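Enquirer: My file is target-v5.csv. It has CSV, C-alpha atoms:
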chain,number,residue,atom,x,y,z
A,224,MET,CA,219.0,-66.0,342.6
A,225,THR,CA,216.8,-69.0,342.8
A,226,SER,CA,213.9,-67.0,341.5
A,227,PHE,CA,214.9,-67.9,338.0
A,228,SER,CA,213.1,-71.1,337.9
A,229,LYS,CA,210.2,-73.0,336.3
A,230,LYS,CA,208.1,-69.9,336.6
A,231,HIS,CA,210.4,-67.9,334.3
A,232,ILE,CA,210.8,-70.7,331.8
A,233,PHE,CA,206.9,-70.9,331.7
A,234,TYR,CA,206.6,-67.2,331.0
A,235,ILE,CA,209.3,-67.3,328.3
A,236,THR,CA,207.5,-70.2,326.6
A,237,ILE,CA,204.1,-68.4,326.7
A,238,LEU,CA,205.6,-65.2,325.4
A,239,THR,CA,207.4,-67.1,322.6
A,240,ILE,CA,204.1,-68.8,321.5
A,241,ILE,CA,202.3,-65.5,321.5
A,242,TRP,CA,205.2,-63.9,319.5
A,243,VAL,CA,205.2,-66.6,316.8
A,244,PHE,CA,201.4,-66.5,316.5
A,245,VAL,CA,201.1,-62.7,316.1
A,246,TYR,CA,204.1,-62.5,313.8
A,247,LYS,CA,202.7,-65.3,311.6
A,248,TYR,CA,199.2,-63.9,311.3
A,249,LEU,CA,200.0,-60.2,311.2
A,250,THR,CA,198.8,-59.8,307.6
A,251,PRO,CA,195.4,-61.3,308.1
A,252,ILE,CA,195.0,-59.5,311.4
A,253,THR,CA,195.9,-56.1,309.8
A,254,ASN,CA,193.5,-56.7,306.9
A,255,PHE,CA,190.8,-57.7,309.3
A,256,ILE,CA,191.2,-54.5,311.3
A,257,ILE,CA,191.4,-52.3,308.2
A,258,ASP,CA,188.8,-53.9,306.0
A,259,ASP,CA,186.3,-55.4,308.5
A,260,ILE,CA,186.5,-53.3,311.7
A,261,PHE,CA,187.1,-49.9,310.1
A,262,GLY,CA,185.4,-50.9,306.8
A,263,LEU,CA,187.8,-48.8,304.8
A,264,GLU,CA,187.9,-49.0,301.0
A,265,SER,CA,190.9,-50.8,299.6
A,266,GLY,CA,193.3,-48.9,297.3
A,267,LYS,CA,192.5,-45.4,298.7
A,268,HIS,CA,195.5,-43.3,299.9
A,269,LEU,CA,194.3,-43.2,303.5
A,270,THR,CA,193.5,-46.9,303.6
A,271,GLU,CA,196.9,-48.0,302.3
A,272,THR,CA,198.7,-45.5,304.6
A,273,LEU,CA,196.9,-46.9,307.7
A,274,ARG,CA,197.4,-50.5,306.5
A,275,PHE,CA,201.1,-49.9,306.2
A,276,PHE,CA,201.3,-48.3,309.7
A,277,ILE,CA,199.2,-50.9,311.5
A,278,TYR,CA,201.1,-53.7,309.9
A,279,GLU,CA,204.7,-52.4,310.2
A,280,VAL,CA,204.6,-51.0,313.8
A,281,PRO,CA,203.8,-54.3,315.6
A,282,LYS,CA,206.1,-56.2,313.1
A,283,VAL,CA,209.1,-54.0,313.9
A,284,PHE,CA,208.4,-54.1,317.6
A,285,LEU,CA,208.1,-57.9,317.6
A,286,LEU,CA,211.4,-58.2,315.8
A,287,LEU,CA,213.0,-55.5,318.0
A,288,VAL,CA,212.1,-57.3,321.2
A,289,LEU,CA,213.3,-60.6,320.0
A,290,ILE,CA,216.6,-59.6,318.4
A,291,ILE,CA,217.6,-57.1,321.0
A,292,PHE,CA,217.0,-59.7,323.7
A,293,ILE,CA,219.3,-62.1,321.9
A,294,VAL,CA,221.8,-59.3,321.3
A,295,GLY,CA,221.7,-58.4,325.0
A,296,ILE,CA,222.6,-61.9,325.9
A,297,ILE,CA,225.4,-62.0,323.3
A,298,ARG,CA,226.8,-58.6,324.4
A,299,SER,CA,227.0,-59.9,328.0
A,300,TYR,CA,229.9,-62.0,326.8
A,301,PHE,CA,231.8,-59.0,325.5
A,302,SER,CA,233.2,-55.9,327.0
A,303,PRO,CA,235.5,-53.0,325.8
A,304,GLU,CA,238.2,-54.4,328.0
A,305,LYS,CA,238.1,-57.9,326.5
A,306,THR,CA,237.9,-56.4,323.0
A,307,ARG,CA,241.0,-54.3,323.7
A,308,LYS,CA,242.8,-57.3,324.9
A,309,ALA,CA,241.9,-59.2,321.7
A,310,LEU,CA,243.1,-56.4,319.5
A,311,LYS,CA,246.4,-55.9,321.2
A,312,GLY,CA,249.4,-56.6,319.0
A,313,ARG,CA,247.3,-57.4,315.9
A,314,SER,CA,248.8,-56.5,312.6
A,315,LEU,CA,247.2,-54.1,310.1
A,316,PHE,CA,244.4,-55.5,308.0
A,317,SER,CA,243.7,-58.7,310.0
A,318,GLY,CA,243.5,-56.4,313.0
A,319,ASN,CA,241.1,-54.1,311.1
A,320,ILE,CA,238.9,-57.0,310.2
A,321,MET,CA,238.8,-58.2,313.8
A,322,ALA,CA,238.2,-54.7,315.1
A,323,ALA,CA,235.2,-54.1,312.7
A,324,LEU,CA,233.7,-57.5,313.7
A,325,LEU,CA,234.2,-56.8,317.4
A,326,GLY,CA,232.6,-53.3,316.8
A,327,MET,CA,229.4,-55.1,315.9
A,328,VAL,CA,229.1,-57.0,319.2
A,329,THR,CA,230.9,-55.0,321.8
A,330,PRO,CA,228.6,-52.9,324.0
A,331,PHE,CA,229.0,-49.3,322.7
A,332,CYS,CA,227.4,-46.0,323.1
A,333,SER,CA,228.6,-42.9,321.2
A,334,CYS,CA,229.0,-41.0,324.5
A,335,SER,CA,231.7,-43.6,325.3
A,336,ALA,CA,233.6,-43.1,322.1
A,337,ILE,CA,236.3,-40.9,323.6
A,338,PRO,CA,237.2,-43.0,326.6
A,339,LEU,CA,237.2,-46.0,324.4
A,340,PHE,CA,239.4,-44.3,321.8
A,341,LEU,CA,241.8,-43.3,324.5
A,342,GLY,CA,241.8,-46.7,326.1
A,343,PHE,CA,242.7,-48.4,322.8
A,344,ILE,CA,245.4,-45.9,322.0
A,345,GLU,CA,246.8,-46.2,325.5
A,346,ALA,CA,247.1,-49.9,325.1
A,347,GLY,CA,249.2,-49.4,322.0
A,348,ILE,CA,246.5,-50.4,319.5
A,349,PRO,CA,247.2,-48.5,316.2
A,350,ILE,CA,244.8,-45.8,315.3
A,351,GLY,CA,243.8,-47.5,312.0
A,352,ILE,CA,242.5,-50.5,313.9
A,353,THR,CA,240.9,-48.3,316.5
A,354,PHE,CA,239.1,-46.5,313.7
A,355,SER,CA,237.8,-49.7,312.2
A,356,PHE,CA,236.2,-50.4,315.5
A,357,LEU,CA,234.8,-46.8,315.9
A,358,ILE,CA,233.3,-46.9,312.4
A,359,ALA,CA,231.7,-50.3,312.6
A,360,ALA,CA,230.3,-49.9,316.1
A,361,PRO,CA,227.6,-47.3,315.4
A,362,MET,CA,227.0,-48.2,311.8
A,363,ILE,CA,226.2,-51.9,312.2
A,364,ASN,CA,224.1,-52.0,315.3
A,365,GLU,CA,221.2,-54.2,316.5
A,366,VAL,CA,218.5,-51.6,315.8
A,367,ALA,CA,219.6,-51.2,312.2
A,368,ILE,CA,219.7,-54.9,311.8
A,369,VAL,CA,216.2,-55.3,313.2
A,370,LEU,CA,214.7,-52.7,311.0
A,371,LEU,CA,216.4,-53.9,307.9
A,372,ILE,CA,215.2,-57.4,308.5
A,373,GLY,CA,211.7,-56.2,309.2
A,374,LEU,CA,211.4,-53.8,306.3
A,375,PHE,CA,213.7,-55.2,303.7
A,376,GLY,CA,214.3,-58.9,304.4
A,377,TRP,CA,217.4,-61.0,305.1
A,378,LYS,CA,219.2,-60.4,301.8
A,379,ILE,CA,219.5,-56.7,302.1
A,380,THR,CA,220.3,-56.9,305.7
A,381,LEU,CA,223.2,-59.2,304.9
A,382,ILE,CA,224.4,-56.8,302.1
A,383,TYR,CA,224.2,-53.9,304.5
A,384,VAL,CA,226.3,-55.7,307.2
A,385,VAL,CA,228.9,-57.0,304.8
A,386,THR,CA,229.3,-53.7,303.0
A,387,GLY,CA,229.3,-51.8,306.3
A,388,LEU,CA,232.1,-54.0,307.5
A,389,PHE,CA,233.9,-53.4,304.2
A,390,VAL,CA,233.7,-49.6,304.8
A,391,ALA,CA,235.0,-50.0,308.4
A,392,VAL,CA,237.9,-52.2,307.4
A,393,LEU,CA,238.9,-50.2,304.4
A,394,SER,CA,238.7,-46.8,306.1
A,395,GLY,CA,240.6,-48.0,309.2
A,396,TRP,CA,243.2,-49.8,307.0
A,397,LEU,CA,243.8,-46.7,304.9
A,398,ILE,CA,244.2,-44.5,308.1
A,399,GLY,CA,246.7,-47.1,309.4
A,400,VAL,CA,248.7,-47.2,306.1
A,401,PHE,CA,249.1,-43.5,306.0
A,402,LYS,CA,250.4,-43.4,309.6
A,403,LEU,CA,248.2,-40.5,310.7
A,404,GLU,CA,249.2,-40.7,314.4
A,405,LYS,CA,250.6,-37.2,314.2
A,406,TYR,CA,247.2,-35.8,313.7
A,407,VAL,CA,245.9,-37.2,317.0
A,408,ALA,CA,245.8,-34.5,319.7
A,409,ASP,CA,249.1,-34.5,321.5
A,410,TRP,CA,247.8,-35.0,325.1
A,411,VAL,CA,246.2,-38.3,324.0
A,412,PHE,CA,249.6,-40.1,324.1
A,413,GLN,CA,250.3,-38.9,327.5
A,414,VAL,CA,247.3,-40.5,329.0
A,415,LYS,CA,248.3,-43.0,331.6
A,416,SER,CA,245.9,-45.2,333.4
A,417,ASN,CA,246.8,-47.4,336.3
A,418,ASN,CA,244.9,-50.0,334.4
A,419,GLN,CA,243.2,-51.8,337.2
A,420,GLU,CA,241.9,-55.1,336.0
A,421,ASN,CA,238.2,-55.0,336.8
A,422,SER,CA,237.6,-58.1,338.7
A,423,VAL,CA,235.7,-60.3,336.3
A,424,LEU,CA,233.1,-62.2,338.2
A,425,LYS,CA,231.8,-65.4,336.8
A,426,VAL,CA,228.4,-64.6,335.3
A,427,LYS,CA,225.6,-67.1,335.5
A,428,PHE,CA,223.5,-67.8,332.5
A,429,GLU,CA,220.4,-66.5,334.2
A,430,GLU,CA,222.2,-63.2,334.7
A,431,ARG,CA,222.8,-63.1,331.0
A,432,ILE,CA,219.1,-63.6,330.4
A,433,LYS,CA,218.5,-60.7,332.7
A,434,ALA,CA,221.0,-58.7,330.7
A,435,GLY,CA,219.0,-59.5,327.6
A,436,TYR,CA,215.8,-58.3,329.3
A,437,THR,CA,217.5,-55.1,330.6
A,438,THR,CA,218.9,-54.3,327.1
A,439,VAL,CA,215.4,-54.6,325.6
A,440,LYS,CA,214.0,-52.3,328.1
A,441,GLU,CA,216.7,-49.8,327.7
A,442,ILE,CA,216.9,-49.7,323.9
A,443,VAL,CA,213.2,-50.0,323.2
A,444,GLY,CA,212.5,-47.4,325.9
A,445,LYS,CA,214.9,-45.0,324.1
A,446,ILE,CA,213.9,-45.5,320.5
A,447,TRP,CA,210.2,-46.5,320.3
A,448,ILE,CA,209.1,-43.0,319.6
A,449,TYR,CA,211.6,-42.6,316.6
A,450,ILE,CA,210.4,-45.9,315.2
A,451,ILE,CA,206.7,-44.8,315.4
A,452,ILE,CA,207.5,-41.4,313.8
A,453,GLY,CA,209.7,-43.0,311.2
A,454,ILE,CA,207.0,-45.6,310.2
A,455,ALA,CA,204.3,-42.9,310.3
A,456,VAL,CA,206.3,-40.7,307.8
A,457,GLY,CA,207.1,-43.8,305.8
A,458,ALA,CA,203.4,-44.8,305.8
A,459,GLY,CA,202.3,-41.4,304.7
A,460,ALA,CA,204.8,-41.5,301.8
A,461,HIS,CA,203.7,-45.1,301.0
A,462,GLY,CA,200.1,-44.0,300.6
A,463,TYR,CA,200.4,-40.6,299.1
A,464,VAL,CA,203.6,-40.3,297.1
A,465,PRO,CA,203.2,-41.7,293.6
A,466,GLU,CA,205.2,-44.8,292.6
A,467,ASP,CA,208.5,-44.0,290.8
A,468,TYR,CA,208.2,-40.4,292.0
A,469,LEU,CA,211.9,-40.3,292.9
A,470,SER,CA,213.2,-42.6,290.2
A,471,THR,CA,214.3,-39.8,287.8
A,472,LEU,CA,216.4,-38.0,290.4
A,473,MET,CA,217.8,-40.9,292.4
A,474,SER,CA,217.9,-43.9,290.2
A,475,LYS,CA,221.1,-45.6,289.2
A,476,ALA,CA,220.9,-44.1,285.7
A,477,ASN,CA,222.1,-40.9,287.4
A,478,TRP,CA,225.7,-41.3,288.2
A,479,TYR,CA,225.6,-38.4,290.7
A,480,SER,CA,222.8,-39.9,292.8
A,481,VAL,CA,225.2,-41.6,295.1
A,482,PRO,CA,227.4,-38.6,296.0
A,483,ILE,CA,224.2,-36.4,296.3
A,484,ALA,CA,222.8,-39.0,298.7
A,485,ILE,CA,225.9,-38.8,300.8
A,486,LEU,CA,226.1,-35.0,300.8
A,487,ILE,CA,222.5,-34.9,302.1
A,488,GLY,CA,223.2,-37.8,304.5
A,489,VAL,CA,226.2,-36.6,306.5
A,490,PRO,CA,224.8,-33.4,308.0
A,491,LEU,CA,221.5,-35.2,308.7
A,492,TYR,CA,221.6,-36.8,312.1
A,493,SER,CA,219.2,-39.5,312.9
A,494,ASN,CA,219.5,-42.9,314.5
A,495,ALA,CA,218.8,-46.1,312.6
A,496,ALA,CA,215.3,-46.2,314.2
A,497,GLY,CA,214.1,-43.1,312.5
A,498,ILE,CA,215.8,-43.3,309.2
A,499,ILE,CA,215.2,-46.9,308.0
A,500,PRO,CA,211.4,-46.8,307.6
A,501,ILE,CA,212.0,-43.7,305.4
A,502,ILE,CA,214.7,-45.5,303.4
A,503,SER,CA,212.3,-48.4,302.8
A,504,VAL,CA,209.8,-46.0,301.2
A,505,LEU,CA,212.5,-44.3,299.2
A,506,ILE,CA,213.3,-47.6,297.6
A,507,GLU,CA,209.6,-48.3,297.0
A,508,LYS,CA,209.4,-44.9,295.2
A,509,GLY,CA,212.2,-45.6,292.8
A,510,VAL,CA,215.5,-44.8,294.6
A,511,SER,CA,218.0,-47.5,293.7
A,512,LEU,CA,219.3,-49.9,296.4
A,513,GLY,CA,223.0,-48.7,296.3
A,514,THR,CA,221.9,-45.1,296.6
A,515,ALA,CA,219.5,-45.8,299.4
A,516,LEU,CA,222.0,-47.8,301.4
A,517,ALA,CA,224.7,-45.2,300.8
A,518,PHE,CA,222.3,-42.6,302.1
A,519,MET,CA,221.6,-44.7,305.2
A,520,MET,CA,225.2,-45.4,306.0
A,521,SER,CA,226.1,-41.7,305.7
A,522,VAL,CA,223.3,-40.8,308.1
A,523,ILE,CA,224.1,-43.4,310.7
A,524,GLY,CA,227.8,-43.9,310.3
A,525,LEU,CA,228.9,-40.3,309.8
A,526,SER,CA,227.3,-37.7,311.9
A,527,LEU,CA,228.0,-34.2,313.0
A,528,PRO,CA,227.6,-34.8,316.7
A,529,GLU,CA,230.1,-37.7,316.6
A,530,ILE,CA,232.5,-35.5,314.7
A,531,ILE,CA,232.2,-32.8,317.3
A,532,ILE,CA,232.9,-35.4,320.0
A,533,LEU,CA,236.0,-36.7,318.2
A,534,LYS,CA,237.3,-33.2,317.8
A,535,LYS,CA,238.4,-33.4,321.4
A,536,VAL,CA,241.0,-36.0,320.6
A,537,LEU,CA,241.7,-35.5,316.9
A,538,LYS,CA,243.2,-32.6,315.0
A,539,MET,CA,241.1,-31.1,312.2
A,540,GLN,CA,243.3,-32.7,309.5
A,541,LEU,CA,242.5,-36.2,310.7
A,542,ILE,CA,238.8,-35.5,311.1
A,543,ALA,CA,238.7,-34.3,307.5
A,544,ILE,CA,240.6,-37.4,306.3
A,545,PHE,CA,238.4,-39.7,308.4
A,546,VAL,CA,235.2,-38.2,307.0
A,547,GLY,CA,236.7,-38.2,303.5
A,548,ILE,CA,237.8,-41.8,303.6
A,549,VAL,CA,234.6,-43.1,305.1
A,550,ALA,CA,232.6,-41.2,302.5
A,551,LEU,CA,234.8,-42.7,299.8
A,552,GLY,CA,234.1,-46.2,301.1
A,553,ILE,CA,230.4,-45.5,301.2
A,554,ILE,CA,230.5,-44.1,297.6
A,555,ILE,CA,232.2,-47.3,296.5
A,556,VAL,CA,229.5,-49.4,298.1
A,557,GLY,CA,226.8,-47.3,296.5
A,558,TYR,CA,228.2,-47.6,293.0
A,559,VAL,CA,228.9,-51.3,293.3
A,560,LEU,CA,225.4,-52.1,294.5
A,561,ASN,CA,223.9,-49.9,291.9
A,562,PHE,CA,226.0,-51.7,289.3
A,563,ILE,CA,224.9,-55.2,290.5
A,564,TYR,CA,221.2,-54.5,291.1
B,779,MET,CA,233.9,-43.7,352.0
B,780,GLU,CA,234.8,-41.8,348.9
B,781,ILE,CA,232.6,-42.4,345.9
B,782,LYS,CA,233.3,-41.0,342.4
B,783,VAL,CA,230.9,-41.1,339.5
B,784,LEU,CA,232.9,-41.1,336.3
B,785,GLY,CA,231.1,-39.8,333.2
B,786,THR,CA,231.4,-37.2,330.5
B,787,GLY,CA,227.9,-35.9,330.9
B,788,CYS,CA,225.6,-38.2,329.0
B,789,ALA,CA,222.1,-39.0,330.2
B,790,LYS,CA,223.2,-42.3,331.8
B,791,CYS,CA,225.9,-40.6,333.7
B,792,LYS,CA,223.5,-38.2,335.3
B,793,THR,CA,221.2,-41.1,336.2
B,794,LEU,CA,224.0,-42.9,337.9
B,795,GLU,CA,225.0,-39.9,339.9
B,796,LYS,CA,221.4,-39.5,341.1
B,797,ILE,CA,221.0,-43.2,342.0
B,798,THR,CA,224.3,-43.1,343.9
B,799,ARG,CA,223.3,-40.1,345.9
B,800,GLU,CA,219.9,-41.7,346.7
B,801,ALA,CA,221.5,-44.9,347.8
B,802,VAL,CA,224.0,-43.1,350.0
B,803,GLU,CA,221.2,-41.1,351.6
B,804,GLU,CA,218.9,-44.1,352.2
B,805,LEU,CA,221.7,-46.2,353.7
B,806,LYS,CA,222.8,-43.2,355.7
B,807,LEU,CA,226.4,-43.8,354.7
B,808,ASP,CA,229.2,-41.5,355.7
B,809,ALA,CA,230.4,-41.0,352.2
B,810,THR,CA,231.2,-38.2,349.7
B,811,VAL,CA,229.9,-38.4,346.2
B,812,GLU,CA,231.8,-36.6,343.5
B,813,LYS,CA,231.2,-36.4,339.8
B,814,VAL,CA,234.3,-36.6,337.6
B,815,GLU,CA,233.8,-35.3,334.1
B,816,ASP,CA,237.4,-34.6,333.1
B,817,ILE,CA,238.2,-37.2,330.5
B,818,GLN,CA,241.9,-37.4,331.5
B,819,LYS,CA,241.0,-38.1,335.1
B,820,ILE,CA,238.5,-40.7,334.0
B,821,MET,CA,241.2,-42.4,331.9
B,822,GLU,CA,243.4,-42.6,335.0
B,823,TYR,CA,241.1,-45.3,336.3
B,824,GLY,CA,241.3,-47.3,333.1
B,825,VAL,CA,237.6,-46.9,332.4
B,826,MET,CA,236.6,-47.3,328.8
B,827,PHE,CA,232.9,-47.5,329.1
B,828,THR,CA,231.1,-44.7,330.9
B,829,PRO,CA,229.4,-44.2,333.3
B,830,ALA,CA,231.5,-45.9,336.0
B,831,LEU,CA,231.6,-45.9,339.7
B,832,VAL,CA,234.8,-45.7,341.8
B,833,ILE,CA,234.7,-46.5,345.5
B,834,ASP,CA,237.7,-45.6,347.5
B,835,GLY,CA,239.9,-45.5,344.4
B,836,LYS,CA,238.8,-48.8,343.0
B,837,VAL,CA,236.5,-49.2,340.0
B,838,ALA,CA,233.4,-51.0,341.1
B,839,PHE,CA,231.8,-51.3,337.7
B,840,SER,CA,231.7,-49.5,334.4
B,841,GLY,CA,229.3,-49.1,331.5
B,842,LYS,CA,226.0,-49.6,333.3
B,843,VAL,CA,223.5,-48.0,335.6
B,844,PRO,CA,222.3,-50.4,338.3
B,845,LYS,CA,218.9,-50.1,340.0
B,846,LEU,CA,218.7,-48.5,343.4
B,847,LYS,CA,218.5,-51.9,345.1
B,848,GLU,CA,221.6,-53.2,343.4
B,849,MET,CA,223.4,-50.0,344.1
B,850,LYS,CA,222.7,-50.4,347.8
B,851,GLU,CA,224.1,-53.9,347.7
B,852,ILE,CA,227.3,-52.7,345.9
B,853,LEU,CA,227.8,-49.9,348.5
B,854,THR,CA,227.3,-52.1,351.5
B,855,LYS,CA,229.6,-54.8,350.3
Just give me the structure of the file as structure tokens.
Expert:
Amino acid sequence: MTSFSKKHIFYITILTIIWVFVYKYLTPITNFIIDDIFGLESGKHLTETLRFFIYEVPKVFLLLVLIIFIVGIIRSYFSPEKTRKALKGRSLFSGNIMAALLGMVTPFCSCSAIPLFLGFIEAGIPIGITFSFLIAAPMINEVAIVLLIGLFGWKITLIYVVTGLFVAVLSGWLIGVFKLEKYVADWVFQVKSNNQENSVLKVKFEERIKAGYTTVKEIVGKIWIYIIIGIAVGAGAHGYVPEDYLSTLMSKANWYSVPIAILIGVPLYSNAAGIIPIISVLIEKGVSLGTALAFMMSVIGLSLPEIIILKKVLKMQLIAIFVGIVALGIIIVGYVLNFIY
Amino acid sequence: MEIKVLGTGCAKCKTLEKITREAVEELKLDATVEKVEDIQKIMEYGVMFTPALVIDGKVAFSGKVPKLKEMKEILTK
């Protein structure tokens, strides 16, 4: 693997310079395209829709490539096996916090939720701690973080991450306190694996860089279309829907706006890529922050397909409790944020 | 050689099966490729991150889909 050499460092440097340049001058470049090349009249619906679209798409993609590249490198240090080892024998609460934090960084895909669940239970990790992991992993993911930073800024991203962790820790902790093991499908506890230790090879740093590159290709390849559609819908609403249009229905003055947002959000299934550009416009049009974030969490964190997957290993009672508790956590987050902001 | 592709049926698992078969064919290996979708059987190998590849009863890797070239290297090791 001597090919990772000066040539690669040269490419990475060039790409970084281009990245910084485009990101920094995106506003003037967008305005130049809209006002000078197309010669569109400022302030018109169509002009502002196009301006939003032409500005947001490259911005989100620039952030996406950068952050997912870094996330790919970070993830190469983690694996479900290592996470399981770290969580073994942890007590309730501190174990829940750790599980939620590890849920953010451990490579995870919802199609692996079942083997992961079984692997954790089989290792003797309590279901409460396992749930903290399973709630945090899809809810706080790199795509959500990129889009939040791009469309909302650092502060809201941080609020989302912290409150998302809160929901994961609280829900898992409650499930643990109530000792709900009896509602796990019976065969789960009979699963025995011969637990081969996967031989862990020492990974060179250049391999990790490659992992970052592969992750970018994989994730961006999968979600780019959702992002473009999401931003296009957002751009349309940005240009055409009147300011404060939604403020009467969904503002914090209405106490029921949070539960309504969650009721709409749970059956809706979208990934972070599609929903966040739309959320950003909801906020612009008068939906309060707590309500909007509660909506977003219920769309990404609680979804029908995931519930159907979990049905294989959980009895109906536990699924109902799981959905109820997570929804409760999201409601708390929604009200608290609406109260503060 | 006995090769098993472990996966519950997600898109990645299908890709892995395809690449495995391609690699076996191109290398002209004397091997059987079997797809294992039963979750309990998958768990017997201690795999938590699908898709995974099992060669002669040993887990070669899990949670990724290698390129054809890498796959050939793994199979000829």
Enquirer: Which residue out of A:Leu357, A:Met539, A:Ala496, A:Leu325 has the minimum interatomic distance to Val443 of chain A when all atoms listed in the file are used?
Expert: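 The answer is A:Ala496, which sits nearest to Val443 of chain A.
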Enquirer: Nearest to Thr798 of chain B among B:Val811, B:Ala838, B:Met821, B:Thr854, with distances taken over all atoms listed in the file: which residue is it?
Expert: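 Of the candidates, the smallest distance to Thr798 of chain B is held by B:Val811.
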Enquirer: What is the atom CA of Gly262 of chain A-atom CA of Ile506 of chain A distance in Å, reported with one decimal?
Expert: 29.6 Å
Enquirer: Give me the residues near Gly351 of chain A as a PyMOL selection string, where near means some atom within 12 Å (using only C-alpha atoms) and where sequence neighbours in that chain fewer than 6 positions away do not count.
Expert: chain A and resi 310+313-323+340+343-344+357-358+391-404+407+541+545+548
Enquirer: Leaving out Glu279 of chain A and any residue of its chain fewer than 6 positions from it, which residues lie within 9 Å of it when counting only C-alpha atoms, given as a list in words?
Expert: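 Contacts, in chain order: Gly373, Leu374, Ile454 and Ala458 of chain A.
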Enquirer: Please indicate the distance in Å from atom CA of Ile235 of chain A to atom CA of Phe292 of chain A, rounded to one decimal place.
Expert: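 Rounded to one decimal, the two atoms are 11.8 Å apart.
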Enquirer: Need the shell around Ala809 of chain B: protein/DNA/RNA residues with any atom at most 12 Å away, counting only C-alpha atoms. Skip same-chain ones fewer than 4 positions apart. Format as a list in words?
Expert: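 Final neighbour list, sorted by chain and number: Met779, Glu780, Ile781, Lys782, Thr798, Arg799, Glu800, Ala801, Val802, Glu803, Glu804, Leu805, Ile833, Asp834, Leu853 and Thr854 of chain B.
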Enquirer: Around the point (240.1, -43.9, 330.9) (coordinates from the file), which residues reach within 9 Å if we count all atoms listed in the file? Answer as a ChimeraX atom specification.
Expert: /A:337-339,341-342,345,414-416,418 /B:817-827
Enquirer: Any idea what's packed within 12 Å of Thr793 of chain B, counting all atoms listed in the file, ignoring anything in its chain fewer than 2 positions away? Could you give it as a CSV table (one decimal) with C-alpha atoms, in the coordinates of the input?
Expert:
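Result went into selection_39.csv, see below:
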chain,number,residue,atom,x,y,z
B,783,VAL,CA,230.9,-41.1,339.5
B,784,LEU,CA,232.9,-41.1,336.3
B,785,GLY,CA,231.1,-39.8,333.2
B,787,GLY,CA,227.9,-35.9,330.9
B,788,CYS,CA,225.6,-38.2,329.0
B,789,ALA,CA,222.1,-39.0,330.2
B,790,LYS,CA,223.2,-42.3,331.8
B,791,CYS,CA,225.9,-40.6,333.7
B,795,GLU,CA,225.0,-39.9,339.9
B,796,LYS,CA,221.4,-39.5,341.1
B,797,ILE,CA,221.0,-43.2,342.0
B,798,THR,CA,224.3,-43.1,343.9
B,799,ARG,CA,223.3,-40.1,345.9
B,800,GLU,CA,219.9,-41.7,346.7
B,813,LYS,CA,231.2,-36.4,339.8
B,828,THR,CA,231.1,-44.7,330.9
B,829,PRO,CA,229.4,-44.2,333.3
B,830,ALA,CA,231.5,-45.9,336.0
B,831,LEU,CA,231.6,-45.9,339.7
B,842,LYS,CA,226.0,-49.6,333.3
B,843,VAL,CA,223.5,-48.0,335.6
B,844,PRO,CA,222.3,-50.4,338.3
B,845,LYS,CA,218.9,-50.1,340.0
B,846,LEU,CA,218.7,-48.5,343.4
Enquirer: Atom CA of Tyr463 of chain A and atom CA of Lys267 of chain A, how far apart in Å?
Expert: 9.3 Å
Enquirer: Where does chain A meet chain B within 12 Å, residue by residue, with the nearest atom pair and distance in Å to one decimal for each, counting all atoms listed in the file, listed by chain and rising number, as CSV?
Expert:
residue,atom,partner,partner_atom,distance
A:Ser299,CA,B:Gly841,CA,11.6
A:Phe301,CA,B:Gly841,CA,11.8
A:Ser302,CA,B:Phe827,CA,8.7
A:Pro303,CA,B:Met826,CA,6.5
A:Glu304,CA,B:Met826,CA,7.3
A:Lys305,CA,B:Met826,CA,10.9
A:Thr306,CA,B:Met826,CA,10.9
A:Arg307,CA,B:Met826,CA,9.7
A:Thr329,CA,B:Phe827,CA,10.7
A:Pro330,CA,B:Gly841,CA,8.4
A:Phe331,CA,B:Phe827,CA,7.7
A:Cys332,CA,B:Phe827,CA,8.3
A:Ser333,CA,B:Cys788,CA,9.6
A:Cys334,CA,B:Cys788,CA,6.3
A:Ser335,CA,B:Phe827,CA,5.6
A:Ala336,CA,B:Phe827,CA,8.3
A:Ile337,CA,B:Ile817,CA,8.1
A:Pro338,CA,B:Met826,CA,4.9
A:Leu339,CA,B:Met826,CA,4.6
A:Phe340,CA,B:Met826,CA,8.1
A:Leu341,CA,B:Met821,CA,7.5
A:Gly342,CA,B:Met826,CA,5.9
A:Phe343,CA,B:Met826,CA,8.6
A:Ile344,CA,B:Met826,CA,11.2
A:Glu345,CA,B:Met821,CA,9.3
A:Ala346,CA,B:Gly824,CA,10.2
A:Trp410,CA,B:Gln818,CA,9.0
A:Val411,CA,B:Gln818,CA,8.7
A:Phe412,CA,B:Gln818,CA,11.0
A:Gln413,CA,B:Gln818,CA,9.4
A:Val414,CA,B:Gln818,CA,6.7
A:Lys415,CA,B:Glu822,CA,6.0
A:Ser416,CA,B:Glu822,CA,3.9
A:Asn417,CA,B:Glu822,CA,6.0
A:Asn418,CA,B:Gly824,CA,4.7
A:Gln419,CA,B:Gly824,CA,6.4
A:Glu420,CA,B:Gly824,CA,8.3
A:Asn421,CA,B:Val837,CA,6.8
A:Ser422,CA,B:Ala838,CA,8.6
A:Val423,CA,B:Phe839,CA,9.9
A:Leu424,CA,B:Phe839,CA,11.0
A:Ala434,CA,B:Lys842,CA,10.7
A:Thr437,CA,B:Pro844,CA,10.2
A:Thr438,CA,B:Lys842,CA,10.5
A:Glu441,CA,B:Val843,CA,10.6
A:Lys445,CA,B:Ala789,CA,11.2
A:Ile532,CA,B:Thr786,CA,10.8
A:Lys535,CA,B:Ile817,CA,9.9
A:Val536,CA,B:Ile817,CA,10.4
